[in-house]
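Structure file entry-v4.csv; described as CSV, C-alpha atoms and all ligand atoms.
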chain,number,residue,atom,x,y,z
A,610,MET,CA,25.9,9.7,-12.1
A,611,SER,CA,24.4,6.7,-10.2
A,612,GLU,CA,21.4,4.8,-11.5
A,613,LEU,CA,19.2,6.3,-8.9
A,614,ALA,CA,20.4,9.9,-9.2
A,615,ASP,CA,20.0,9.5,-12.9
A,616,ALA,CA,16.4,8.3,-12.6
A,617,GLU,CA,15.6,11.1,-10.2
A,618,ALA,CA,17.0,13.8,-12.6
A,619,LYS,CA,14.8,12.4,-15.4
A,620,SER,CA,11.5,12.5,-13.4
A,621,PRO,CA,11.3,15.0,-10.5
A,622,ALA,CA,8.4,14.2,-8.1
A,623,PRO,CA,5.4,16.5,-8.4
A,624,LYS,CA,4.7,18.6,-5.3
A,625,ARG,CA,1.0,18.7,-4.2
A,626,SER,CA,-0.8,19.7,-1.1
A,627,PRO,CA,-0.4,17.3,1.9
A,628,SER,CA,-3.2,14.7,2.1
A,629,LEU,CA,-1.8,12.6,5.1
A,630,GLU,CA,0.1,14.0,8.0
A,631,VAL,CA,1.4,11.7,10.7
A,632,GLU,CA,3.2,13.3,13.7
A,633,HIS,CA,4.9,11.4,16.5
A,634,VAL,CA,2.4,8.5,16.3
A,635,SER,CA,2.9,5.5,18.6
A,636,LEU,CA,0.4,2.6,18.6
A,637,GLY,CA,0.0,-0.3,20.9
A,638,TYR,CA,-2.2,-2.9,22.5
A,639,PRO,CA,-3.0,-3.8,26.1
A,640,GLY,CA,-0.4,-6.3,27.4
A,641,ARG,CA,-1.0,-9.4,29.5
A,642,ARG,CA,-0.5,-7.6,32.8
A,643,ARG,CA,-3.0,-5.0,34.0
A,644,GLY,CA,-2.2,-1.5,32.7
A,645,GLU,CA,0.6,-2.8,30.5
A,646,GLN,CA,0.9,-1.4,27.0
A,647,VAL,CA,2.7,-3.3,24.3
A,648,LEU,CA,4.0,-1.0,21.5
A,649,ALA,CA,3.3,-2.1,17.9
A,650,CYS,CA,5.0,0.9,16.4
A,651,ARG,CA,6.6,4.1,17.7
A,652,ASP,CA,7.2,7.7,16.8
A,653,LEU,CA,6.0,7.5,13.2
A,654,ASN,CA,6.3,10.7,11.2
A,655,MET,CA,5.4,11.3,7.6
A,656,THR,CA,3.8,13.7,5.2
A,657,VAL,CA,2.2,12.1,2.1
A,658,HIS,CA,1.0,14.4,-0.7
A,659,GLN,CA,-2.2,14.1,-2.5
A,660,GLY,CA,-1.9,11.5,-5.4
A,661,GLU,CA,1.3,10.0,-4.0
A,662,PHE,CA,1.6,6.2,-3.9
A,663,VAL,CA,3.5,5.2,-0.8
A,664,MET,CA,4.7,1.7,-0.1
A,665,LEU,CA,5.5,0.5,3.4
A,666,VAL,CA,7.9,-2.4,3.9
A,667,GLY,CA,9.2,-3.8,7.1
A,668,PRO,CA,9.8,-7.1,8.9
A,669,SER,CA,6.8,-9.1,10.0
A,670,GLY,CA,5.3,-7.9,13.3
A,671,CYS,CA,6.8,-4.4,13.1
A,672,GLY,CA,3.3,-2.8,13.2
A,673,LYS,CA,2.5,-2.1,9.5
A,674,SER,CA,-1.0,-3.5,9.7
A,675,THR,CA,-1.6,-1.7,13.0
A,676,PHE,CA,-0.6,1.5,11.4
A,677,LEU,CA,-2.8,1.0,8.4
A,678,GLU,CA,-5.7,0.2,10.7
A,679,ALA,CA,-5.0,3.4,12.6
A,680,LEU,CA,-5.1,5.3,9.2
A,681,ALA,CA,-8.5,3.6,8.6
A,682,GLY,CA,-9.7,4.8,12.0
A,683,LEU,CA,-10.0,1.3,13.4
A,684,VAL,CA,-7.2,1.5,16.0
A,685,HIS,CA,-7.0,4.2,18.7
A,686,VAL,CA,-4.1,6.6,18.3
A,687,GLY,CA,-2.4,6.5,21.7
A,688,ALA,CA,0.1,9.2,21.1
A,689,GLY,CA,0.6,11.8,18.4
A,690,GLU,CA,-1.8,12.8,15.6
A,691,ILE,CA,-2.9,11.6,12.2
A,692,ARG,CA,-4.6,14.1,9.9
A,693,VAL,CA,-6.2,13.4,6.5
A,694,ASP,CA,-6.8,16.5,4.4
A,695,GLY,CA,-6.0,18.6,7.5
A,696,ARG,CA,-8.6,16.9,9.8
A,697,PRO,CA,-7.5,14.6,12.7
A,698,ILE,CA,-8.7,11.0,12.4
A,699,ASP,CA,-11.3,10.0,15.0
A,700,GLY,CA,-12.8,6.8,13.5
A,701,PRO,CA,-13.6,5.2,10.2
A,702,ALA,CA,-14.9,7.5,7.4
A,703,LYS,CA,-16.1,7.2,3.8
A,704,ASP,CA,-13.0,9.1,2.5
A,705,ARG,CA,-10.8,6.1,3.5
A,706,SER,CA,-11.0,2.6,2.1
A,707,LEU,CA,-9.0,-0.4,3.4
A,708,VAL,CA,-8.3,-3.4,1.3
A,709,PHE,CA,-7.3,-6.6,3.2
A,710,GLN,CA,-5.4,-9.6,2.0
A,711,SER,CA,-8.4,-11.9,2.0
A,712,PRO,CA,-11.4,-10.5,0.3
A,713,SER,CA,-14.6,-10.9,2.3
A,714,LEU,CA,-17.1,-11.0,-0.5
A,715,PHE,CA,-20.7,-12.1,-0.3
A,716,PRO,CA,-20.4,-15.4,-2.2
A,717,TRP,CA,-24.0,-15.5,-3.5
A,718,ARG,CA,-23.9,-11.9,-4.8
A,719,ASP,CA,-22.5,-11.2,-8.2
A,720,VAL,CA,-19.6,-8.9,-8.9
A,721,TYR,CA,-21.8,-5.9,-9.4
A,722,GLY,CA,-23.8,-6.8,-6.2
A,723,ASN,CA,-20.7,-6.9,-4.2
A,724,VAL,CA,-19.4,-3.6,-5.5
A,725,ILE,CA,-22.6,-1.7,-4.9
A,726,PHE,CA,-23.2,-3.3,-1.5
A,727,GLY,CA,-21.7,-0.4,0.6
A,728,CYS,CA,-23.8,2.3,-1.2
A,729,GLN,CA,-26.9,0.1,-1.0
A,730,ALA,CA,-26.5,-0.5,2.7
A,731,GLN,CA,-26.1,3.2,3.3
A,732,GLY,CA,-29.2,4.0,1.1
A,733,ARG,CA,-27.0,6.0,-1.4
A,734,LEU,CA,-27.5,3.8,-4.4
A,735,ASP,CA,-28.5,6.5,-6.9
A,736,ALA,CA,-27.9,6.6,-10.7
A,737,ALA,CA,-24.5,8.1,-10.2
A,738,ALA,CA,-23.4,5.4,-7.8
A,739,LYS,CA,-24.5,2.7,-10.2
A,740,ALA,CA,-22.6,4.3,-13.1
A,741,ARG,CA,-19.5,4.6,-10.9
A,742,ALA,CA,-19.8,0.9,-10.0
A,743,GLU,CA,-20.0,-0.1,-13.6
A,744,ALA,CA,-17.0,2.1,-14.5
A,745,VAL,CA,-14.9,0.7,-11.7
A,746,ILE,CA,-15.8,-2.9,-12.6
A,747,LYS,CA,-14.5,-2.2,-16.1
A,748,LEU,CA,-11.4,-0.5,-14.7
A,749,VAL,CA,-10.5,-3.6,-12.7
A,750,GLY,CA,-11.0,-5.8,-15.8
A,751,LEU,CA,-14.2,-7.5,-14.7
A,752,GLY,CA,-16.5,-6.0,-17.3
A,753,ASP,CA,-17.3,-9.3,-18.9
A,754,VAL,CA,-18.1,-11.1,-15.6
A,755,ALA,CA,-20.0,-8.4,-13.8
A,756,HIS,CA,-23.0,-10.7,-13.3
A,757,ARG,CA,-21.0,-13.8,-12.2
A,758,ARG,CA,-21.4,-14.8,-8.5
A,759,ALA,CA,-18.4,-14.2,-6.3
A,760,ARG,CA,-18.2,-17.9,-5.3
A,761,GLU,CA,-17.6,-18.7,-9.0
A,762,LEU,CA,-14.5,-16.4,-9.3
A,763,SER,CA,-10.8,-17.2,-9.1
A,764,GLY,CA,-8.7,-15.8,-6.3
A,765,GLY,CA,-7.3,-13.0,-8.6
A,766,MET,CA,-10.8,-12.1,-9.7
A,767,LYS,CA,-12.0,-11.9,-6.1
A,768,GLN,CA,-9.2,-9.6,-5.3
A,769,ARG,CA,-10.2,-7.4,-8.2
A,770,VAL,CA,-13.7,-7.2,-6.8
A,771,ASN,CA,-12.2,-6.2,-3.5
A,772,LEU,CA,-10.3,-3.4,-5.1
A,773,ALA,CA,-13.4,-2.3,-7.1
A,774,ARG,CA,-15.3,-2.1,-3.8
A,775,ALA,CA,-12.7,0.1,-2.3
A,776,LEU,CA,-12.4,2.4,-5.4
A,777,VAL,CA,-16.2,2.8,-5.9
A,778,THR,CA,-16.4,5.1,-2.9
A,779,GLU,CA,-13.8,7.4,-4.5
A,780,PRO,CA,-11.7,7.5,-1.3
A,781,SER,CA,-9.1,10.2,-0.9
A,782,LEU,CA,-7.0,7.7,1.0
A,783,LEU,CA,-6.7,4.1,-0.3
A,784,LEU,CA,-5.2,1.7,2.2
A,785,LEU,CA,-4.0,-1.7,1.0
A,786,ASP,CA,-2.6,-4.3,3.4
A,787,GLU,CA,-0.7,-6.9,1.4
A,788,PRO,CA,-3.7,-7.2,-1.0
A,789,PHE,CA,-1.9,-9.6,-3.3
A,790,GLY,CA,-0.1,-11.6,-0.6
A,791,ALA,CA,-2.4,-14.6,-0.8
A,792,LEU,CA,-2.2,-15.0,-4.6
A,793,ASP,CA,0.0,-17.3,-6.4
A,794,ALA,CA,3.2,-15.7,-7.8
A,795,GLN,CA,2.0,-15.5,-11.4
A,796,THR,CA,-1.4,-14.0,-10.5
A,797,ARG,CA,0.3,-11.6,-8.1
A,798,GLU,CA,2.5,-10.2,-10.9
A,799,VAL,CA,-0.5,-9.8,-13.2
A,800,MET,CA,-2.4,-7.9,-10.4
A,801,GLN,CA,0.6,-5.7,-9.7
A,802,ASP,CA,0.9,-4.7,-13.3
A,803,GLU,CA,-2.9,-4.2,-13.5
A,804,LEU,CA,-2.9,-1.9,-10.4
A,805,VAL,CA,-0.1,0.1,-11.9
A,806,ARG,CA,-2.1,0.4,-15.1
A,807,MET,CA,-5.2,1.4,-13.2
A,808,TRP,CA,-3.4,4.0,-11.1
A,809,GLN,CA,-1.7,5.8,-14.0
A,810,GLY,CA,-4.4,5.4,-16.6
A,811,SER,CA,-7.4,6.9,-14.8
A,812,ALA,CA,-8.5,9.7,-12.7
A,813,ILE,CA,-7.5,7.8,-9.6
A,814,GLU,CA,-4.0,8.9,-9.8
A,815,SER,CA,-4.5,12.6,-9.2
A,816,SER,CA,-7.2,12.5,-6.6
A,817,THR,CA,-6.4,9.4,-4.5
A,818,THR,CA,-3.5,8.9,-2.1
A,819,ALA,CA,-2.4,5.3,-1.6
A,820,VAL,CA,-0.6,3.7,1.3
A,821,PHE,CA,0.2,0.1,0.4
A,822,VAL,CA,1.8,-2.4,2.8
A,823,THR,CA,3.9,-5.2,1.3
A,824,HIS,CA,6.6,-7.7,2.2
A,825,ASP,CA,7.6,-8.0,-1.4
A,826,VAL,CA,10.4,-5.6,-2.3
A,827,ALA,CA,9.9,-5.8,-6.0
A,828,GLU,CA,6.2,-5.0,-5.5
A,829,ALA,CA,7.3,-1.9,-3.6
A,830,VAL,CA,9.6,-0.7,-6.3
A,831,LEU,CA,7.0,-1.3,-9.0
A,832,MET,CA,4.2,0.6,-7.4
A,833,ALA,CA,5.9,3.3,-5.4
A,834,ASP,CA,6.4,7.0,-5.7
A,835,ARG,CA,8.1,6.5,-2.3
A,836,VAL,CA,9.0,3.5,-0.2
A,837,LEU,CA,9.0,3.9,3.6
A,838,VAL,CA,11.1,1.3,5.4
A,839,PHE,CA,10.1,0.2,8.9
A,840,SER,CA,12.5,-1.1,11.5
A,841,LYS,CA,11.9,-4.3,13.4
A,842,SER,CA,9.3,-4.3,16.2
A,843,PRO,CA,8.2,-1.8,17.5
A,844,GLY,CA,8.5,-0.3,14.1
A,845,THR,CA,9.6,3.1,13.3
A,846,ILE,CA,10.5,4.6,9.9
A,847,ILE,CA,14.2,4.1,9.2
A,848,ASP,CA,14.3,5.1,5.5
A,849,ASP,CA,12.3,7.1,3.0
A,850,ILE,CA,13.2,6.3,-0.5
A,851,PRO,CA,11.7,8.2,-3.4
A,852,VAL,CA,11.3,6.0,-6.5
A,853,SER,CA,11.6,8.1,-9.6
A,854,LEU,CA,11.2,5.5,-12.2
A,855,GLY,CA,9.2,7.2,-15.0
A,856,ARG,CA,5.5,6.6,-15.5
A,857,PRO,CA,3.7,5.1,-17.2
A,858,ARG,CA,5.5,2.0,-15.8
A,859,THR,CA,5.1,-1.1,-17.9
A,860,ALA,CA,5.9,-4.7,-16.9
A,861,ALA,CA,9.3,-4.3,-18.7
A,862,VAL,CA,10.5,-1.9,-16.0
A,863,ARG,CA,11.0,-4.9,-13.7
A,864,SER,CA,14.1,-6.0,-15.7
A,865,SER,CA,15.7,-2.5,-15.9
A,866,ARG,CA,19.0,-1.6,-14.1
A,867,GLU,CA,17.2,1.3,-12.4
A,868,PHE,CA,14.6,-1.1,-11.0
A,869,MET,CA,17.3,-3.4,-9.6
A,870,ALA,CA,19.1,-0.5,-8.1
A,871,TYR,CA,16.0,0.5,-6.1
A,872,HIS,CA,15.4,-3.1,-5.2
A,873,ASP,CA,18.9,-3.4,-3.7
A,874,ARG,CA,18.7,-0.1,-2.1
A,875,ILE,CA,15.6,-1.2,-0.1
A,876,LEU,CA,17.1,-4.5,0.9
A,877,ASP,CA,20.1,-2.5,2.2
A,878,ALA,CA,17.8,-0.4,4.3
A,879,LEU,CA,16.0,-3.4,5.6
A,880,TYR,CA,19.0,-5.4,6.5
A,881,GLY,CA,21.2,-2.5,7.6
A,882,ARG,CA,24.0,-3.1,5.1
A,883,PRO,CA,26.5,-0.3,5.2
A,884,THR,CA,27.0,-0.5,1.4
A,885,TYR,CA,24.6,2.2,0.5
A,886,ARG,CA,24.5,5.9,1.1
A,887,ALA,CA,21.5,8.0,0.1
A,888,GLU,CA,22.9,8.8,-3.3
A,889,GLY,CA,25.9,8.1,-5.6
A,890,VAL,CA,26.3,4.3,-5.2
A,891,GLU,CA,26.8,2.0,-8.1
A,892,VAL,CA,24.9,-1.1,-7.2
A,893,ALA,CA,26.9,-3.2,-9.6
A,894,SER,CA,30.2,-2.4,-7.9
A,895,THR,CA,29.4,-3.5,-4.4
A,896,GLY,CA,30.9,-6.8,-5.2
A,897,SER,CA,29.2,-8.7,-2.4
A,898,PRO,CA,27.1,-11.8,-3.3
A,899,ARG,CA,23.6,-10.6,-3.2
A,900,SER,CA,20.6,-12.5,-2.1
A,901,THR,CA,18.1,-13.1,-4.8
A,902,ARG,CA,15.4,-13.3,-2.1
A,903,SER,CA,13.1,-10.3,-2.4
A,904,GLU,CA,10.6,-11.1,0.4
A,905,VAL,CA,11.1,-9.7,3.8
A,906,SER,CA,11.0,-12.2,6.7
A,907,ALA,CA,11.2,-11.8,10.4
A,908,PRO,CA,14.7,-11.1,11.7
Y,1001,LIG,N1,-5.3,-7.2,18.2
Y,1001,LIG,C1,-4.1,-7.3,18.8
Y,1001,LIG,N2,-3.9,-7.4,20.1
Y,1001,LIG,C2,-2.7,-7.4,20.6
Y,1001,LIG,N3,-1.5,-7.3,19.9
Y,1001,LIG,C3,-1.6,-7.2,18.6
Y,1001,LIG,C4,-2.9,-7.2,17.9
Y,1001,LIG,N4,-2.7,-7.0,16.6
Y,1001,LIG,C5,-1.3,-7.0,16.5
Y,1001,LIG,N5,-0.7,-7.1,17.7
Y,1001,LIG,C6,0.7,-7.1,17.9
Y,1001,LIG,O1,1.3,-5.8,17.4
Y,1001,LIG,C7,2.5,-6.0,16.8
Y,1001,LIG,C8,2.4,-5.5,15.3
Y,1001,LIG,O2,1.5,-6.4,14.6
Y,1001,LIG,P1,1.1,-6.0,13.1
Y,1001,LIG,O3,0.6,-4.6,13.0
Y,1001,LIG,O4,0.1,-7.1,12.7
Y,1001,LIG,O5,2.5,-6.2,12.3
Y,1001,LIG,P2,2.8,-6.4,10.8
Y,1001,LIG,O6,1.6,-6.1,10.0
Y,1001,LIG,O7,4.0,-5.5,10.5
Y,1001,LIG,O8,3.2,-7.8,10.6
Y,1001,LIG,C9,2.8,-7.5,16.9
Y,1001,LIG,O9,3.7,-7.7,18.0
Y,1001,LIG,C10,1.4,-8.1,17.1
Y,1001,LIG,O10,1.6,-9.3,17.9
Y,1002,MG,MG,0.4,-7.2,8.7
Could I get this structure in the form of structure tokens?
Ligand SMILES: Nc1ncnc2c1ncn2[C@@H]1O[C@H](COP(=O)(O)OP(=O)(O)O)[C@@H](O)[C@H]1O
Ligand SMILES: [Mg+2]
Amino acid sequence: MSELADAEAKSPAPKRSPSLEVEHVSLGYPGRRRGEQVLACRDLNMTVHQGEFVMLVGPSGCGKSTFLEALAGLVHVGAGEIRVDGRPIDGPAKDRSLVFQSPSLFPWRDVYGNVIFGCQAQGRLDAAAKARAEAVIKLVGLGDVAHRRARELSGGMKQRVNLARALVTEPSLLLLDEPFGALDAQTREVMQDELVRMWQGSAIESSTTAVFVTHDVAEAVLMADRVLVFSKSPGTIIDDIPVSLGRPRTAAVRSSREFMAYHDRILDALYGRPTYRAEGVEVASTGSPRSTRSEVSAP
């Protein structure tokens, strides 16, 4: 049995009710000429179940961020339909949180002040919201610095605050757009392992669905229940790869043979190598010199 088939047999994916349904969605922007429409992505289709962690990978400019913004309700859906928990999206809503690469924190507010800001602004800062904020700050590992001002935090800490801010609203859909992309390699690995820990060690896992955009293939394998691979621009989904590595996943999983098999499988999908079929391929036997590069660049 191949590495991947073996992993899948060990840990079959749980089936839950659909949380996100995307049907024939195309997204675009007005072009330079009047009436012209430039497509960012085309004919996207997916069903993501509640509690699933889906990673999107694809070349730069293929429309990943545009799609995430559409899920957040920030971009108009030109064609097709997106439904969250059965309801079509028609603008931003509390049940969806978007985390960007660069955290836009209030530098003079402390960690706690940043995390509660949304609730405060909406006049919903009751005792339950305060308790939730404190719990989420501990969850992201900032319990000891809850009263430190944002401007005094490191890049990794700021991104933890950013995550806490997204989680405190208890979103049913958590959207992350290369959230660790601006961090140095070491901090990025720590944050990846931390997010995996948070995901599997708390109530988040069962109630929240995550869609996470990355250009880092190893990050995709580490986090994912499923990896969706986008084609080059205008992007469409060209592969859907379930990742059945067991959970809890620890940092050690990165050096396993199964992990490398998924990593190579995704690179094959991205670069269109004919070496892989959906199942039954021994990665070690392909014989071709394999790139050690794991980041996706523009074609
Ligand atoms: N606000 C915008 N106005 C016009 N075109 C845009 C805008 N944002 C993105 N685009 C274009 O849409 C395409 C997809 O961009 P984006 O979604 O940012 O891709 P990705 O996140 O995959 O790198 C690109 O060609 C980009 O130039
Ligand atoms: Mg982007």
- Message: At a cut-off of 7 Å, using all atoms listed in the file, what residues contact stretch 791-805 of chain A? Leave out same-chain residues fewer than 2 positions from it and give the result as a PyMOL selection string.
- Response: chain A and resi 710+764-765+789+807-809+832+860
- Task: Name the residues in contact with stretch 728-739 of chain A at a cut-off of 9 Å, using all atoms listed in the file, excluding same-chain residues fewer than 5 positions from it; report them as a list in words.
- Result: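 Contacts, with the query itself left out: Ala744, Val777 and Thr778 of chain A.
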- Could you report the residues within 6 Å of ligand LIG 1001 (chain Y), using only C-alpha atoms and all ligand atoms, as a list in words?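 After applying the 6 Å limit, what remains is Tyr638, Ala649, Ser669, Gly670, Cys671, Gly672, Lys673, Ser674 and Thr675 of chain A.
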- So what do you get for atom CA of A:Tyr871 versus atom CA of A:Arg856, distance-wise?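 If I compute the distance from atom CA of A:Tyr871 to atom CA of A:Arg856, I get 15.4 Å.
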- May I ask which of the residues A:Ala740, A:Ala827, A:Val838, A:Leu629 is the closest one to A:Pro697, counting all atoms listed in the file?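 Looking at the shortest contact to A:Pro697, the residue is A:Leu629.
Summary of the local environment: counting all atoms listed in the file, residues at most 8 Å from A:Ala878, other than itself and those fewer than 2 positions away along its chain, are A:Val838, A:Ile847, A:Asp848, A:Arg874, A:Ile875, A:Leu876, A:Tyr880, A:Gly881, A:Arg882.
Across the model, the gap from atom CA of A:Asp873 to atom CA of A:Leu782 is 28.6 Å.
When atom CA of A:Ser706 is paired with atom CA of A:Ala679, their separation reads 12.1 Å.
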- Task: Compile the contact shell of stretch 681-695 of chain A as number ranges by chain: residues with an atom at most 6 Å away, counting all atoms listed in the file, same-chain residues fewer than 6 positions apart removed.
- Result: A: 628-636, 701
- Item | Distance criterion (all atoms listed in the file): nearest to ligand MG 1002 (chain Y) out of A:Thr823, A:Thr818, A:Thr845, A:Ser853 |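 With all atoms listed in the file as the atom set, the closest residue is A:Thr823.
Nearest-residue note for A:Ser816: choosing from A:Thr656, A:Ala755, A:Ser781, A:Asp849, the minimum distance belongs to A:Ser781, counting only C-alpha atoms.
Nearest to ligand MG 1002 (chain Y) of all the residues A:Thr859, A:Gln768, A:Ser842, A:Ser713 is A:Ser842, counting only C-alpha atoms and all ligand atoms.
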